[in-house]
Every structure is written in C-alpha cells, then in structure tokens.
Amino acid sequence: MELDKKNFKRLLAVVCTGIILYWLLNEPQLASGVWSFGIRTLSPFIVGAVIAFILNVPMRFFERHLKFIQKTGLRRSVALLLTLVCGALVITAVFSLLIPQLAKTIASLYPAISAFLKEVEAWVNRTLAENPQLMQWIQENTELSKLDWAGLVQQGLTLVGNSLSAILTTALTAIGGLVGVLMDAFIAIVFAVYALFQKEVLARQGRKLAYAFLKESHADYVVKVLRLSNATFSNFLSGQCIEVCILGGLFAVAMAIFRMPYIPLISVLVAVTAFIPVVGAWAGCIIGAFLILISDPVQAFWFVIMFLVIQQIEGNMIYPKVVGTSIGLSGMWVLFAIGIGGELMGVLGMFLMIPVVSVLYTLLREWTHNRLDKRDVAEDKLREQPPALVSRFKQKRQQSKAKREMMKGLKAMENLTHKHKPEDK
C-alpha cells in the first residue's frame, strides 16, 4: 500500500509537470504575461533582498568591531546606522563627482554644436559660390510663390496641438512611473532594513518550515542549499565591489597618463556601469567616448583603444581572479548566466543570475561526483587522454601491425609454394 502511494505521488507529479509544460508551449503569450506580472509584483522584494545582501557585508564588519556594546539589538542598530551612513556618503561622493562634470559637459555642448553648425553653414556657402549652376537649380526648383502658405500654417498648428497632447500624455505617464518607482524603492528599503534586523529570526523560521513539512534528509539538503546560496551571493557582491573599484582606478590612472578630459566623470561612470557584469563597462565606454568626442575626436579614438586594452586585462586577469574565483565559475558560465538573466529579468537578472548559476553549478558538480563515486568509475577514464586507454590503443596498434606482417609472410610463403609445385611434379 505504501508503494502504491509513492507511485501515485510520482505519477501525479509527472502529470502536473506535463500539464504545465503543455500550457507553456500552447499559451506562450499568456505564460509571458503571468511571468511579467509575477516579476513586477516581486521586484521590490527582490531588490530589497539584494540591498539587504549588499548592506549585510559592511554591517557584519561593524558588528565584529562593536563587541564592546553588550546588547545585541543595540549593537545591530548601531552597525546598521553606520552602514547606511557610509552608503549615503558613497552615493553622495559619486553624485558630487558626476553632477558637476555632467553640468560642465552639457554647458560645453552648446558652443560645440554652434561652432559645428557655423562650419556647416560656411561649407554650404562656399560650395554654392563655387558652383553657380547648383545655386541656379535650387532657385528654379524652390519657387516661394508656389508654396501653399495657408496649408503650411494649418499643418503647423496641427503639429503643435498634437505635440502638446503627446507631451502632456508623456509627462503624466512619466509622473506615474516615477511615483511607482519611488513606492517600489520605499518598499525595497523597508524590506531590506527589516530583513537585516530580523535575519536570525527569518533563518530560524525558514528552518522550522523546512523540518516541519519535509523529510529530515530533504530539509538538511534545503538548509545546505540556502547556506551555499548565502555564501555565494555574499562572495559575489564583495568580489564585484572590489572589481568595480579596481576597474575605475585603472581608467583614472590610464586617462591621467594620456591627459584625457573628464577623468573623474568617466572613471566613476565606467565603475558604476561595471556593476552589470561583463557588458556594463561597454555602456560606460560608449558614453565616455561620446563625451571626449565633443572636445577632441582623436583622443576619443585613443580612449576606445585604451578601453579595449583595459577590458582585456580586466576580463582575462582581474575578473576571473576576483569574482570568478569567489563564486567558482569560469568566464564561459558567467557569460551564459548574463545572457539568461538578461532575457528573463533585464538588467537585474544579469546581476542576480551569476550567483544563481554558481549555486546550481556547485550542486550539479557535487551530485555528479557522488554518482561517480557510487559507480566506482576509474579516475583515468575521466581524463582528456586516459593513460590506460592510450596504452591499450598502442598495444592493439602494435598487435595489428605484427599481425599484418605475419599475414604478409604467410602470403609470400604460399606464393613460393605455388611456384615450386609444377617442378615437383
């Protein structure tokens, strides 16, 4: 009877999985809508969890150095307050570097564009003066008397009315979106603060749920996976922060050596965008190259070359050592995680999917090794060129060669025998 129940549960799980897969394949738009709704609903809590993980690293550092405070709750409050103050100071420092440089850049755009337009105007006048036939053709084919001024005025008024309506609609949509973003940010911050204050309580409640509704072995495995996830996410965030600081410092030093403009702005911009692994720094490169292009196109070219060199150093030497080692993933799997995460959840997915793939990779590797140990597979069979197989191949090759030589000798003796047979008769 117990075996029948187990089989029934397995059959029910298979049937439910098949129904879900059939529904996903036949209703892709509905499934995509449900997925988007779920992501939108859970995004504040996901962002809050990310904020909590980020703040937990410096908060633990402060807690370790505030052991003279006896009360645990007070020590946690002081550590969290110091963490928030440090985070606010970092954000303020970043914006104090970015905003003045951005204002200076925007202010320099107007004279640069004006000079460019004057150069274009001078080129047009010079071209028309050197080609009178072109000037005559333009005058003959653009007679002002043939223009419908009333129609042009009406079209202009219609365009202005449509533009005002579109601007008003866009403004209302932007205000609504801004309110939604601020509300989500508030929920995420409150959730992060609550999670940091109550992280031991949340962990204990999670363990109670696991051991209450799962078998003990399954609950042990769930707790193990959660601890692995916590360690992986913490290592990833720490490594990513270190890598971002190194990358920003490299750009600042290199740009100072080559005397390029906008050093604080571009180095901070590249560092901030590099929080999106692998692809984020390219966005900073494009913006930085555009800013330098306004003042000096030649330096913009050399900036792109410098970026490619630093990107190779960072991608092949720094990132695998700092981040890849901390999460146990190679560059190929990091790129795979970024692609999948970006397709599922956009920029946030690119950031989150790397530690998720790292956890899955670790679990799969452990499961594979356990199965190999149970099957008692020889170690040499798992190598790229197993020595035992190579020696067997060489041995078989030598045996086949000796066999061919022996067959040749037998055929030669047989030929000689056939030649001497008539003489014996």
# chains A, B, ... in the order shown; residues from 1 in each chain; ligands from 1
$ residues_around --residues "Phe45 of chain A" --least-positions-apart "5" --cutoff "12 Å" --atoms "only C-alpha atoms" --output "ChimeraX atom specification"
/A:38-40,50-52,183-195
$ residues_around --residues "Ile292 of chain A" --least-positions-apart "5" --cutoff "10 Å" --atoms "only C-alpha atoms" --output "compact mmCIF listing (two decimals) with C-alpha atoms, in the first residue's frame"
# COMPACT_ATOMS: atom_id res chain seq x y z
CA THR A 105 29.76 68.82 -20.25
CA MET A 260 42.35 62.88 -21.37
CA PRO A 261 39.43 65.10 -20.31
CA TYR A 262 36.61 64.24 -17.89
CA ILE A 266 34.29 58.82 -16.99
CA ILE A 287 29.17 57.41 -23.07
CA PRO A 297 37.90 63.27 -31.78
CA VAL A 298 41.49 61.98 -31.83
CA GLN A 299 41.53 61.44 -28.07
CA ALA A 300 38.14 59.71 -28.37
CA PHE A 301 39.75 57.19 -30.73
CA PHE A 303 40.15 56.29 -25.45
$ residues_around --residues "segment 83-98 of chain A" --least-positions-apart "4" --cutoff "8 Å" --atoms "only C-alpha atoms" --output "list in words"
Leu55, Pro58, Met59, Phe62, Ala79, Leu102, Pro264, Leu265, Val268 and Leu269 of chain A
$ select_by_dssp --residues "segment 236-311 of chain A" --states "alpha helix (DSSP H)" --output "ChimeraX atom specification"
/A:236-257,263-273,280-295,297-311
$ atom_distance --atom1 "atom CA of Gly315 of chain A" --atom2 "atom CA of Ile276 of chain A"
13.3 Å
$ closest_residue --among "A:Leu363, A:Leu247, A:Val356, A:Ala231" --to "Gln312 of chain A" --atoms "only C-alpha atoms"
A:Leu247
$ atom_distance --atom1 "atom CA of Glu216 of chain A" --atom2 "atom CA of Ala203 of chain A"
16.8 Å
$ atom_distance --atom1 "atom CA of Gln70 of chain A" --atom2 "atom CA of Asn230 of chain A"
26.8 Å
$ residues_around --residues "Ile338 of chain A" --least-positions-apart "6" --cutoff "7 Å" --atoms "only C-alpha atoms" --output "CSV table (one decimal) with N, CA and C atoms, in the first residue's frame"
chain,number,residue,atom,x,y,z
A,350,MET,N,20.7,40.1,-15.1
A,350,MET,CA,22.1,40.0,-15.3
A,350,MET,C,22.9,39.9,-14.1
A,353,MET,N,21.7,36.5,-11.8
A,353,MET,CA,21.8,35.2,-12.4
A,353,MET,C,23.1,34.6,-12.2
A,354,ILE,N,24.2,35.4,-12.0
A,354,ILE,CA,25.5,34.8,-11.9
A,354,ILE,C,25.7,34.0,-10.6
